[in-house]
file protein.txt (compact mmCIF, C-alpha atoms)
# COMPACT_ATOMS: atom_id res chain seq x y z
CA MET P 1 -103.30 24.52 26.87
CA LEU P 2 -100.91 22.34 28.83
CA GLU P 3 -97.25 23.14 28.29
CA TYR P 4 -94.67 20.51 29.09
CA ARG P 5 -91.39 21.47 30.66
CA ILE P 6 -88.65 18.96 29.94
CA ASP P 7 -85.74 18.76 32.36
CA ARG P 8 -82.82 17.12 30.61
CA HIS P 9 -80.87 16.58 33.79
CA SER P 10 -83.55 15.15 36.05
CA GLY P 11 -82.57 11.54 35.35
CA VAL P 12 -86.24 10.80 34.64
CA ALA P 13 -86.98 9.53 31.13
CA THR P 14 -88.53 12.26 28.98
CA TYR P 15 -91.74 10.34 28.26
CA VAL P 16 -92.19 9.72 31.99
CA GLN P 17 -91.88 13.47 32.59
CA ILE P 18 -94.74 14.06 30.13
CA VAL P 19 -96.85 11.36 31.82
CA GLN P 20 -96.15 12.82 35.26
CA GLN P 21 -96.85 16.41 34.24
CA THR P 22 -100.13 15.38 32.60
CA LYS P 23 -101.18 13.52 35.75
CA GLN P 24 -100.18 16.49 37.88
CA ALA P 25 -102.41 18.73 35.73
CA LEU P 26 -105.26 16.20 36.08
CA ARG P 27 -104.82 16.04 39.86
CA LEU P 28 -104.82 19.78 40.25
CA GLY P 29 -107.80 20.20 37.96
CA HIS P 30 -105.86 22.16 35.35
CA LEU P 31 -107.00 19.50 32.89
CA GLU P 32 -110.56 18.22 32.93
CA PRO P 33 -112.46 15.50 31.08
CA GLY P 34 -113.04 16.59 27.49
CA ASP P 35 -109.96 18.82 27.36
CA LYS P 36 -107.61 18.27 24.44
CA LEU P 37 -103.93 17.53 25.00
CA PRO P 38 -101.52 19.41 22.75
CA THR P 39 -100.74 17.56 19.51
CA ALA P 40 -97.40 15.78 19.18
CA ARG P 41 -96.42 18.39 16.64
CA GLU P 42 -97.16 21.26 19.03
CA VAL P 43 -95.19 19.59 21.83
CA VAL P 44 -92.12 18.83 19.73
CA GLU P 45 -92.08 22.26 18.12
CA ALA P 46 -91.94 23.84 21.58
CA THR P 47 -89.62 21.35 23.28
CA ALA P 48 -87.46 19.99 20.41
CA ILE P 49 -87.91 16.45 21.69
CA ASN P 50 -88.54 13.46 19.43
CA PRO P 51 -92.18 13.00 18.30
CA ASN P 52 -92.13 9.31 19.24
CA THR P 53 -91.41 10.29 22.84
CA VAL P 54 -94.65 12.27 22.99
CA LEU P 55 -96.61 9.46 21.35
CA LYS P 56 -95.13 6.98 23.81
CA ALA P 57 -96.26 9.14 26.74
CA TYR P 58 -99.76 9.55 25.27
CA ARG P 59 -100.01 5.78 24.70
CA GLU P 60 -99.10 5.24 28.35
CA LEU P 61 -101.79 7.71 29.47
CA GLU P 62 -104.26 5.99 27.16
CA ARG P 63 -103.33 2.58 28.54
CA GLU P 64 -104.15 3.87 32.01
CA GLY P 65 -107.53 5.03 30.75
CA LEU P 66 -106.84 8.71 31.43
CA VAL P 67 -106.99 9.93 27.84
CA GLU P 68 -108.31 8.70 24.52
CA ALA P 69 -107.07 9.29 21.01
CA ARG P 70 -109.80 10.27 18.55
CA ARG P 71 -108.69 9.63 15.02
CA GLY P 72 -108.02 12.84 13.15
CA LEU P 73 -109.08 15.00 16.08
CA GLY P 74 -106.43 14.59 18.74
CA THR P 75 -106.01 13.19 22.22
CA PHE P 76 -108.66 14.04 24.83
CA VAL P 77 -108.90 13.68 28.59
CA ARG P 78 -111.32 10.90 29.58
CA ARG P 79 -111.30 11.28 33.32
CA GLY P 80 -109.73 13.35 36.03
CA LEU P 81 -107.36 12.00 38.60
CA GLY P 82 -107.50 11.98 42.37
CA ALA P 83 -109.89 13.91 44.56
CA ALA P 84 -107.73 16.88 45.37
CA PRO P 85 -108.21 19.73 42.93
CA ALA P 86 -106.41 22.95 43.77
CA ASP P 87 -109.50 24.47 45.45
CA SER P 88 -110.45 21.50 47.67
CA PRO P 89 -110.63 21.68 51.50
CA LEU P 90 -107.76 19.15 51.65
CA ASN P 91 -105.57 21.56 49.78
CA ALA P 92 -106.47 24.35 52.22
CA GLU P 93 -105.70 22.08 55.19
CA LEU P 94 -102.31 21.11 53.79
CA ASP P 95 -101.60 24.73 53.02
CA GLY P 96 -102.44 25.68 56.62
CA TRP P 97 -100.37 22.83 58.00
CA THR P 98 -97.38 23.83 55.85
CA ALA P 99 -97.62 27.42 57.04
CA LYS P 100 -97.62 26.15 60.63
CA ALA P 101 -94.59 23.94 59.98
CA ARG P 102 -92.73 26.87 58.53
CA ALA P 103 -93.66 29.10 61.43
CA ALA P 104 -92.33 26.37 63.73
CA GLY P 105 -88.92 26.72 62.06
CA LEU P 106 -88.93 23.73 59.70
CA ASP P 107 -87.19 24.31 56.38
CA ARG P 108 -88.21 22.90 53.01
CA ASP P 109 -86.22 19.66 53.40
CA ASP P 110 -87.60 19.07 56.91
CA VAL P 111 -91.16 19.44 55.63
CA ALA P 112 -90.50 17.21 52.61
CA ALA P 113 -88.93 14.50 54.81
CA LEU P 114 -91.82 14.62 57.26
CA PHE P 115 -94.41 14.55 54.51
CA THR P 116 -92.73 11.62 52.73
CA ALA P 117 -92.51 9.67 55.99
CA VAL P 118 -96.25 10.16 56.61
CA LEU P 119 -97.02 9.26 52.99
CA ASP P 120 -95.03 6.04 53.31
CA LYS P 121 -96.90 5.21 56.52
CA HIS P 122 -100.31 5.49 54.87
CA PHE P 123 -99.62 4.25 51.34
CA ALA P 124 -97.68 1.36 49.85
CA PRO P 125 -94.22 2.86 49.50
CA GLN P 126 -94.06 2.48 45.71
CA PHE P 127 -96.91 3.45 43.44
CA PRO P 128 -96.76 2.68 39.70
CA GLU P 129 -95.72 6.14 38.64
CA ARG P 130 -92.71 6.07 40.90
CA THR P 131 -91.74 2.61 39.75
CA ALA P 132 -91.76 3.80 36.17
CA ALA P 133 -89.56 6.74 37.10
CA THR P 134 -87.20 4.53 39.07
CA GLN P 135 -86.84 1.99 36.31
CA HIS P 136 -85.85 4.68 33.89
CA SER P 137 -83.68 6.56 36.28
CA GLN P 138 -80.26 7.13 34.87
CA GLY P 139 -78.55 7.98 38.11
CA GLU P 140 -75.84 6.01 39.87
CA PRO P 141 -76.59 2.34 40.40
CA SER P 142 -78.01 2.07 43.87
CA MET N 1 -92.50 4.83 0.23
CA THR N 2 -90.31 2.02 1.57
CA ASP N 3 -89.97 0.87 5.18
CA THR N 4 -86.23 1.31 5.18
CA ALA N 5 -84.87 4.76 4.49
CA LEU N 6 -81.20 3.82 4.44
CA GLU N 7 -79.57 0.44 4.20
CA ALA N 8 -75.83 -0.16 4.03
CA ALA N 9 -74.27 -3.52 3.20
CA ALA N 10 -70.52 -3.92 3.71
CA LEU N 11 -70.22 -0.28 2.69
CA GLY N 12 -66.70 1.10 2.27
CA LYS N 13 -65.18 4.30 0.97
CA ARG N 14 -61.50 4.90 0.35
CA PHE N 15 -59.94 8.21 -0.56
CA GLY N 16 -56.69 8.06 -2.55
CA ARG N 17 -55.22 4.85 -3.90
CA LEU N 18 -51.53 5.28 -3.28
CA ARG N 19 -51.13 3.86 0.19
CA ARG N 20 -52.32 0.39 0.97
CA SER N 21 -54.74 -0.06 3.86
CA ALA N 22 -54.56 3.63 4.69
CA GLY N 23 -57.18 5.99 3.31
CA TRP N 24 -60.33 4.09 4.24
CA ALA N 25 -62.83 6.62 5.56
CA LEU N 26 -65.46 3.91 6.03
CA ARG N 27 -65.13 0.16 5.96
CA ASP N 28 -67.47 -2.82 6.42
CA CYS N 29 -70.43 -0.70 7.42
CA SER N 30 -73.75 -2.52 7.56
CA PHE N 31 -76.88 -1.09 9.13
CA ALA N 32 -80.52 -0.37 8.37
CA LEU N 33 -82.42 2.79 9.27
CA PRO N 34 -86.22 2.38 9.27
CA ALA N 35 -88.20 5.17 7.60
CA GLY N 36 -89.68 7.84 9.86
CA ARG N 37 -86.92 7.74 12.43
CA VAL N 38 -84.74 10.58 13.63
CA CYS N 39 -81.23 9.18 13.60
CA ALA N 40 -78.16 10.61 15.31
CA VAL N 41 -74.90 9.85 13.52
CA VAL N 42 -72.37 10.20 16.29
CA GLY N 43 -68.63 9.73 16.39
CA PRO N 44 -65.35 11.53 17.02
CA ASN N 45 -63.89 13.96 14.49
CA GLY N 46 -62.68 12.07 11.45
CA ALA N 47 -64.79 8.99 12.21
CA GLY N 48 -66.42 8.97 8.79
CA LYS N 49 -69.72 10.73 9.55
CA SER N 50 -69.47 13.26 6.72
CA THR N 51 -68.37 10.56 4.28
CA LEU N 52 -71.44 8.48 5.16
CA LEU N 53 -73.79 11.45 4.67
CA ALA N 54 -72.15 12.38 1.35
CA LEU N 55 -72.58 8.77 0.20
CA ALA N 56 -76.25 8.83 1.23
CA ALA N 57 -76.76 12.10 -0.63
CA GLY N 58 -75.27 10.47 -3.73
CA LEU N 59 -72.50 13.05 -3.97
CA THR N 60 -69.81 10.40 -3.90
CA ALA N 61 -69.84 6.72 -4.81
CA PRO N 62 -68.90 3.80 -2.54
CA THR N 63 -65.58 2.05 -3.12
CA GLU N 64 -67.13 -1.25 -2.07
CA GLY N 65 -70.44 -2.57 -0.78
CA SER N 66 -73.72 -0.80 -1.34
CA LEU N 67 -75.96 1.88 0.11
CA THR N 68 -79.68 1.81 -0.61
CA VAL N 69 -81.50 5.13 -0.19
CA LEU N 70 -85.34 5.21 -0.12
CA GLY N 71 -85.42 1.85 -1.87
CA GLY N 72 -82.97 2.57 -4.70
CA PRO N 73 -79.27 3.18 -5.27
CA ALA N 74 -77.93 6.35 -3.60
CA GLY N 75 -78.22 9.29 -5.98
CA GLN N 76 -81.31 8.00 -7.77
CA ALA N 77 -83.72 9.38 -5.18
CA ARG N 78 -82.09 12.80 -5.12
CA ALA N 79 -85.39 14.63 -5.70
CA ARG N 80 -86.76 13.15 -2.45
CA VAL N 81 -83.62 13.73 -0.40
CA GLY N 82 -82.56 16.95 1.29
CA PHE N 83 -78.90 17.41 2.20
CA VAL N 84 -77.24 20.18 4.15
CA ALA N 85 -73.47 19.81 4.05
CA GLN N 86 -71.30 20.89 6.95
CA ASP N 87 -70.08 24.09 5.23
CA LYS N 88 -73.68 25.05 4.23
CA PRO N 89 -72.91 25.81 0.57
CA LEU N 90 -75.05 28.66 -0.79
CA TYR N 91 -74.53 31.23 -3.53
CA PRO N 92 -72.94 34.21 -1.73
CA GLN N 93 -74.06 36.79 -4.31
CA LEU N 94 -77.78 35.91 -4.04
CA THR N 95 -80.12 37.50 -1.50
CA VAL N 96 -82.12 35.42 0.98
CA ALA N 97 -85.29 35.91 -1.08
CA GLU N 98 -83.49 34.96 -4.32
CA THR N 99 -82.07 31.85 -2.68
CA LEU N 100 -85.55 30.71 -1.66
CA ARG N 101 -86.90 31.48 -5.13
CA MET N 102 -84.10 29.36 -6.54
CA GLY N 103 -85.23 26.56 -4.21
CA GLY N 104 -88.70 26.83 -5.74
CA ASP N 105 -87.35 26.84 -9.31
CA LEU N 106 -85.09 23.85 -8.70
CA ASN N 107 -87.77 21.77 -6.99
CA PRO N 108 -90.84 22.09 -9.19
CA GLY N 109 -93.89 20.31 -7.78
CA ARG N 110 -92.32 19.80 -4.35
CA TRP N 111 -91.55 23.27 -3.10
CA ASP N 112 -93.33 24.56 0.00
CA ALA N 113 -92.63 28.29 -0.18
CA ARG N 114 -94.52 29.07 3.01
CA ALA N 115 -92.57 26.58 5.12
CA ALA N 116 -89.26 27.85 3.73
CA GLU N 117 -90.15 31.49 4.33
CA ARG N 118 -91.39 30.75 7.83
CA ILE N 119 -88.06 29.15 8.79
CA ALA N 120 -86.07 32.02 7.29
CA ALA N 121 -88.33 34.59 8.97
CA GLY N 122 -87.78 33.02 12.40
CA GLY N 123 -84.32 34.55 12.49
CA ASP N 124 -85.38 38.11 11.58
CA LEU N 125 -83.49 37.71 8.33
CA ASP N 126 -83.81 40.58 5.89
CA PRO N 127 -85.01 38.93 2.65
CA LYS N 128 -82.94 41.48 0.71
CA ALA N 129 -79.69 40.65 2.56
CA ARG N 130 -77.03 38.92 0.49
CA ILE N 131 -75.89 35.49 1.63
CA ARG N 132 -72.26 36.64 1.87
CA ALA N 133 -73.27 39.27 4.44
CA LEU N 134 -74.89 36.72 6.76
CA SER N 135 -73.40 35.23 9.92
CA GLY N 136 -72.66 31.50 10.08
CA GLY N 137 -75.83 30.87 12.08
CA GLN N 138 -77.99 32.86 9.68
CA ARG N 139 -76.53 30.93 6.76
CA THR N 140 -77.41 27.69 8.53
CA ARG N 141 -80.97 28.92 8.85
CA VAL N 142 -81.21 29.69 5.11
CA ALA N 143 -79.67 26.30 4.25
CA LEU N 144 -82.22 24.52 6.47
CA ALA N 145 -85.07 26.58 4.96
CA LEU N 146 -83.89 25.48 1.52
CA ALA N 147 -83.67 21.82 2.54
CA LEU N 148 -87.03 21.75 4.35
CA GLY N 149 -88.83 23.76 1.66
CA LYS N 150 -88.15 20.84 -0.64
CA ARG N 151 -90.35 18.62 1.59
CA PRO N 152 -87.82 15.78 1.48
CA GLU N 153 -88.68 12.24 2.56
CA LEU N 154 -85.14 11.89 3.84
CA LEU N 155 -83.26 14.81 5.32
CA LEU N 156 -79.48 14.49 5.74
CA LEU N 157 -77.87 17.10 7.97
CA ASP N 158 -74.12 17.22 8.58
CA GLU N 159 -73.37 18.99 11.88
CA PRO N 160 -76.46 21.17 11.43
CA MET N 161 -76.36 22.90 14.80
CA ALA N 162 -72.65 23.70 15.09
CA ASP N 163 -72.94 27.40 14.13
CA LEU N 164 -76.11 28.17 16.04
CA ASP N 165 -76.61 29.97 19.33
CA PRO N 166 -78.58 28.00 21.96
CA LEU N 167 -81.83 29.84 21.22
CA ALA N 168 -81.68 29.26 17.45
CA ARG N 169 -80.56 25.68 18.05
CA HIS N 170 -83.62 24.95 20.18
CA GLU N 171 -85.97 26.68 17.78
CA LEU N 172 -84.61 24.97 14.65
CA MET N 173 -84.50 21.58 16.35
CA GLY N 174 -88.18 22.19 17.18
CA VAL N 175 -88.84 22.97 13.52
CA LEU N 176 -87.11 19.73 12.49
CA MET N 177 -89.08 17.67 15.01
CA SER N 178 -92.33 19.28 13.90
CA GLN N 179 -91.44 18.35 10.31
CA ALA N 180 -90.88 14.76 11.40
CA ALA N 181 -94.17 14.71 13.36
CA GLN N 182 -96.21 16.19 10.56
CA HIS N 183 -94.77 14.49 7.48
CA GLY N 184 -93.01 11.42 8.86
CA THR N 185 -89.75 12.72 7.42
CA THR N 186 -86.73 10.54 8.14
CA ILE N 187 -83.99 12.74 9.54
CA VAL N 188 -80.34 11.79 9.80
CA MET N 189 -78.09 14.26 11.56
CA SER N 190 -74.49 14.05 12.60
CA SER N 191 -72.75 15.59 15.55
CA HIS N 192 -69.82 14.87 17.80
CA VAL N 193 -71.81 16.27 20.72
CA VAL N 194 -74.12 13.51 21.95
CA ALA N 195 -76.01 15.70 24.41
CA GLU N 196 -77.07 17.95 21.55
CA LEU N 197 -79.03 15.13 19.91
CA GLU N 198 -80.08 12.97 22.84
CA ASP N 199 -83.67 14.21 23.24
CA SER N 200 -84.41 14.70 19.59
CA CYS N 201 -83.26 11.40 18.14
CA ASP N 202 -84.74 7.92 18.54
CA HIS N 203 -82.14 6.01 16.57
CA LEU N 204 -78.36 5.90 16.90
CA LEU N 205 -75.56 5.18 14.51
CA LEU N 206 -72.25 5.36 16.32
CA ILE N 207 -69.25 5.46 14.02
CA GLY N 208 -65.68 5.09 15.20
CA GLY N 209 -62.58 4.57 13.11
CA GLY N 210 -64.65 4.22 9.94
CA ARG N 211 -66.76 1.39 11.33
CA VAL N 212 -70.23 1.05 12.80
CA ARG N 213 -69.86 0.55 16.56
CA LEU N 214 -73.49 0.77 17.61
CA ALA N 215 -76.64 0.88 15.54
CA GLY N 216 -80.27 0.72 16.52
CA ASP N 217 -83.21 2.14 18.41
CA ILE N 218 -81.84 4.24 21.29
CA ASP N 219 -84.24 2.90 23.92
CA ALA N 220 -83.47 -0.67 22.86
CA LEU N 221 -79.72 -0.03 22.98
CA LEU N 222 -79.99 1.44 26.49
CA GLU N 223 -82.13 -1.47 27.67
CA THR N 224 -79.70 -4.09 26.36
CA HIS N 225 -76.79 -2.52 28.25
CA ALA N 226 -76.28 -2.17 31.98
CA ARG N 227 -73.95 -0.30 34.25
CA VAL N 228 -72.93 -2.53 37.09
CA SER N 229 -70.78 -2.30 40.15
CA ALA N 230 -69.62 -5.29 42.14
CA ALA N 231 -66.71 -6.56 44.20
CA ALA N 232 -63.32 -6.17 42.49
CA ASP N 233 -62.71 -9.90 41.98
CA THR N 234 -66.07 -10.50 40.26
CA ASP N 235 -65.99 -12.52 37.04
CA LEU N 236 -68.12 -10.71 34.43
CA ALA N 237 -68.50 -13.77 32.18
CA PRO N 238 -70.72 -14.69 30.33
CA HIS N 239 -71.72 -11.07 29.78
CA THR N 240 -70.21 -9.00 26.99
CA VAL N 241 -67.97 -6.40 28.58
CA VAL N 242 -67.79 -3.05 26.83
CA GLU N 243 -65.71 -1.35 29.50
CA SER N 244 -64.61 -2.21 33.00
CA ARG N 245 -62.58 -0.42 35.64
CA THR N 246 -61.40 -1.45 39.08
CA THR N 247 -60.99 1.12 41.81
CA GLY N 248 -59.86 -0.31 45.13
CA ARG N 249 -62.31 -3.04 46.07
CA GLN N 250 -64.89 -1.90 43.56
CA LEU N 251 -65.42 -3.01 39.98
CA SER N 252 -67.49 -0.76 37.70
CA ALA N 253 -68.38 -1.93 34.25
CA LEU N 254 -70.64 -1.33 31.31
CA ILE N 255 -71.84 -4.64 29.97
CA ARG N 256 -74.28 -6.22 27.58
CA PRO N 257 -75.95 -8.82 29.84
CA ALA N 258 -76.19 -12.31 28.35
CA ALA N 259 -78.21 -13.62 31.29
CA PRO N 260 -80.07 -12.24 34.31
CA LEU N 261 -77.64 -10.39 36.59
CA PRO N 262 -76.80 -11.61 40.10
CA ALA N 263 -78.88 -9.92 42.79
CA ASP N 264 -75.84 -8.67 44.73
CA TRP N 265 -74.59 -6.52 41.85
CA ARG N 266 -75.73 -2.95 41.84
CA THR N 267 -77.07 -2.14 38.39
CA GLY N 268 -78.36 0.85 36.49
CA THR N 269 -79.33 1.88 32.98
CA PRO N 270 -76.59 3.87 31.26
CA SER N 271 -77.29 7.28 29.77
CA LEU N 272 -76.80 7.62 26.03
CA GLU N 273 -73.65 9.63 26.57
CA GLU N 274 -72.16 7.00 28.90
CA LEU N 275 -72.94 4.30 26.37
CA VAL N 276 -71.36 6.21 23.50
CA LEU N 277 -68.26 7.17 25.47
CA SER N 278 -67.74 3.62 26.72
CA TYR N 279 -67.74 2.29 23.17
CA LEU N 280 -65.48 5.04 21.89
CA ARG N 281 -62.98 4.57 24.73
CA ASN N 282 -62.81 0.86 23.97
CA PRO N 283 -62.27 0.38 20.25
CA GLU N 284 -61.87 -3.37 20.75
CA ALA N 285 -65.33 -3.81 22.29
CA LYS N 286 -67.67 -5.76 20.04
CA ALA N 287 -70.06 -3.70 17.96
CA ALA N 288 -73.69 -3.94 18.93
CA GLY N 289 -76.74 -3.57 16.79
CA ALA N 290 -80.41 -3.66 17.54
CA PRO N 291 -82.16 -4.46 15.31
CA ALA N 292 -79.75 -3.84 12.42
CA LYS N 293 -76.71 -6.07 12.77
CA SER N 294 -73.18 -5.10 11.92
CA PRO N 295 -70.96 -7.82 10.44
CA GLU N 296 -69.06 -8.28 13.71
CA GLU N 297 -72.34 -8.90 15.49
CA SER N 298 -73.53 -11.60 13.11
CA VAL N 299 -70.21 -13.42 13.44
CA ALA N 300 -70.21 -13.19 17.23

call {"tool": "encode", "arguments": {"input": "protein.txt", "output": "structure tokens"}}
result
Amino acid sequence: MLEYRIDRHSGVATYVQIVQQTKQALRLGHLEPGDKLPTAREVVEATAINPNTVLKAYRELEREGLVEARRGLGTFVRRGLGAAPADSPLNAELDGWTAKARAAGLDRDDVAALFTAVLDKHFAPQFPERTAATQHSQGEPS
Amino acid sequence: MTDTALEAAALGKRFGRLRRSAGWALRDCSFALPAGRVCAVVGPNGAGKSTLLALAAGLTAPTEGSLTVLGGPAGQARARVGFVAQDKPLYPQLTVAETLRMGGDLNPGRWDARAAERIAAGGDLDPKARIRALSGGQRTRVALALALGKRPELLLLDEPMADLDPLARHELMGVLMSQAAQHGTTIVMSSHVVAELEDSCDHLLLIGGGRVRLAGDIDALLETHARVSAAADTDLAPHTVVESRTTGRQLSALIRPAAPLPADWRTGTPSLEELVLSYLRNPEAKAAGAPAKSPEESVA
């Protein structure tokens, strides 16, 4: 069962955190089609967040076609996300590359900066998920 | 069941009649709280939060105006309302088990013994312990067990978390949220610590100086306000300014935009705490309500 971890100080809206963590679990294959998401009641009992926040996140996931609500039964995963489950060759390659970068003396921030730069080169700089997080960011105006 | 759990119209409460003008704990309060919401009643000490909750519980009568609770006058729906006062009144000579049995006897047809016992058991309470021997936090737990065991449609909690350690606070807030998720219970809880309620509540009632300063859906309130920074000589009109400060060449303000904002201003969404503090620091700022309107708002 997926457990959400809510970070109150991340500046990312709580429902966006739930959406992101669900997508992360789908990407890594921790959640597969047919799996049931925890009920709103289970999530709020564990996290003490407002039930409507969970429902809002689930509606967003449903709108994106990732999950479906079945009346009286719960919310179920409809399809996985991405092509990079935790055991894929791509994962192994990235793992090997990261080990090499570390051996070459790069620290965590160096690797993150490099990786982000390459990401931005190959993909449109803002994908929907990021936009959602940015819009609801509560940091300094920038 | 009605759509509106609480509705105040020009509600006022005055304590003592000797001094003129002084003694108003609440004045001109108008707001509506839809059923099924979890509402934070926030305000500084002495703002009138406890008075409002006591009025809603029907323990005291308004001096002027009206307060409708679950569709009827406050006090009439008492069987469907749970209220935990700030001092958590319980009978000190009873044991925990006796207190819960009393809850069952006093609420025939409504009492959920299992729910009440589960909440009490969460704190490793000895059922045979007397209330007077309990710590403040344990007493809070018993008071909440009593209120939730009643399966209320409306739950009024005055500073419910003040006596609790962080672990118990998180656990009991989880219990409250689970109650709201499962039964659609409307919960109204007061605190002067905004951060304590931020993630659990979806509706805000900000009270300052006995008046409603902000009322409405929290997301909607945050969306209708903006934090902006611009050059110091910027004219903020026609936007409603809640608070503004100039530091050197920089102007920072919290505003309610009346029109799209100029592209050269840097803008951001305020956090709930920033919003609340800005209103409290500026008592002259116009009250804002979404969707429930306060009288100031409808005149504006």

call {"tool": "atom_distance", "arguments": {"input": "protein.txt", "atom1": "atom CA of N:Arg37", "atom2": "atom CA of N:Ser200"}}
result
10.3 Å

call {"tool": "interface_residues", "arguments": {"input": "protein.txt", "of": "chain N", "to": "chain P", "cutoff": "6 Å", "atoms": "all atoms listed in the file", "output": "VMD selection string"}}
result
chain N and resid 173 to 175 177 to 178 181 199 to 201 266 to 269 271

call {"tool": "residues_around", "arguments": {"input": "protein.txt", "residues": "stretch 74-84 of chain N", "least_positions_apart": "3", "cutoff": "6 Å", "atoms": "only C-alpha atoms", "output": "PDB file with C-alpha atoms, in the frame of the given file"}}
result
ATOM      1  CA  ALA N  56     -76.250   8.830   1.230  1.00  0.00           C
ATOM      2  CA  GLY N  58     -75.270  10.470  -3.730  1.00  0.00           C
ATOM      3  CA  THR N  68     -79.680   1.810  -0.610  1.00  0.00           C
ATOM      4  CA  VAL N  69     -81.500   5.130  -0.190  1.00  0.00           C
ATOM      5  CA  ALA N 147     -83.670  21.820   2.540  1.00  0.00           C
ATOM      6  CA  PRO N 152     -87.820  15.780   1.480  1.00  0.00           C
ATOM      7  CA  GLU N 153     -88.680  12.240   2.560  1.00  0.00           C
ATOM      8  CA  LEU N 154     -85.140  11.890   3.840  1.00  0.00           C
ATOM      9  CA  LEU N 155     -83.260  14.810   5.320  1.00  0.00           C
ATOM     10  CA  LEU N 156     -79.480  14.490   5.740  1.00  0.00           C
ATOM     11  CA  LEU N 157     -77.870  17.100   7.970  1.00  0.00           C
TER      12      LEU N 157
END

call {"tool": "residues_near_point", "arguments": {"input": "protein.txt", "point": "(-74.4, 7.5, 13.2)", "cutoff": "9 Å", "atoms": "all atoms listed in the file", "output": "PyMOL selection string"}}
result
chain N and resi 39-43+49+52+188-191+203-207+212-215

call {"tool": "axis_aligned_box", "arguments": {"input": "protein.txt", "around": "stretch 128-141 of chain N", "padding_each_side": "3 Å", "output": "lines of an AutoDock Vina configuration file"}}
result
center_x = -77.6
center_y = 34.6
center_z = 6.3
size_x = 16.7
size_y = 19.8
size_z = 17.6

call {"tool": "closest_residue", "arguments": {"input": "protein.txt", "among": "N:Asp217, N:Glu198, N:Ala35, N:Asp233", "to": "P:His9", "atoms": "only C-alpha atoms"}}
result
N:Glu198

call {"tool": "residues_around", "arguments": {"input": "protein.txt", "residues": "N:Asp112", "least_positions_apart": "2", "cutoff": "9 Å", "atoms": "all atoms listed in the file", "output": "MDAnalysis selection string"}}
result
chainID N and resid 104 109:110 114:117 148:151

call {"tool": "residues_near_point", "arguments": {"input": "protein.txt", "point": "(-77.0, 40.3, 13.1)", "cutoff": "12 Å", "atoms": "all atoms listed in the file", "output": "ChimeraX atom specification"}}
result
/N:123-126,129,133-139

call {"tool": "closest_residue", "arguments": {"input": "protein.txt", "among": "P:Gln20, P:Ser88, P:Thr75, P:Ser10", "to": "P:Pro33", "atoms": "only C-alpha atoms"}}
result
P:Thr75

call {"tool": "closest_residue", "arguments": {"input": "protein.txt", "among": "P:Leu28, P:Val12, P:Leu106, P:Ile18", "to": "P:Gly82", "atoms": "only C-alpha atoms"}}
result
P:Leu28

call {"tool": "residues_around", "arguments": {"input": "protein.txt", "residues": "P:Leu61", "least_positions_apart": "4", "cutoff": "9 Å", "atoms": "all atoms listed in the file", "output": "list in words"}}
result
Val19, Thr22, Lys23, Lys56, Ala57, Gly65, Leu66, Val67 and Glu68 of chain P

call {"tool": "build_atoms", "arguments": {"input": "protein.txt", "residues": "stretch 128-138 of chain N", "atoms": "N, CA and C atoms", "output": "short mmCIF file (atom, residue, chain, number, x, y, z; two decimals), in the coordinates of the input"}}
result
data_model
loop_
_atom_site.label_atom_id
_atom_site.label_comp_id
_atom_site.auth_asym_id
_atom_site.auth_seq_id
_atom_site.Cartn_x
_atom_site.Cartn_y
_atom_site.Cartn_z
N LYS N 128 -83.78 40.83 1.73
CA LYS N 128 -82.94 41.48 0.71
C LYS N 128 -81.45 41.38 1.04
N ALA N 129 -81.11 40.78 2.20
CA ALA N 129 -79.69 40.65 2.56
C ALA N 129 -79.02 39.62 1.67
N ARG N 130 -77.77 39.89 1.29
CA ARG N 130 -77.03 38.92 0.49
C ARG N 130 -76.45 37.85 1.40
N ILE N 131 -76.37 36.63 0.85
CA ILE N 131 -75.89 35.49 1.63
C ILE N 131 -74.51 35.78 2.20
N ARG N 132 -73.64 36.44 1.40
CA ARG N 132 -72.26 36.64 1.87
C ARG N 132 -72.19 37.57 3.07
N ALA N 133 -73.27 38.35 3.30
CA ALA N 133 -73.27 39.27 4.44
C ALA N 133 -73.82 38.61 5.71
N LEU N 134 -74.26 37.36 5.61
CA LEU N 134 -74.89 36.72 6.76
C LEU N 134 -73.86 36.09 7.70
N SER N 135 -74.25 35.95 8.96
CA SER N 135 -73.40 35.23 9.92
C SER N 135 -73.52 33.73 9.65
N GLY N 136 -72.63 32.95 10.27
CA GLY N 136 -72.66 31.50 10.08
C GLY N 136 -74.01 30.91 10.47
N GLY N 137 -74.56 31.40 11.60
CA GLY N 137 -75.83 30.87 12.08
C GLY N 137 -76.98 31.22 11.15
N GLN N 138 -76.94 32.44 10.62
CA GLN N 138 -77.99 32.86 9.68
C GLN N 138 -77.92 32.04 8.39
#
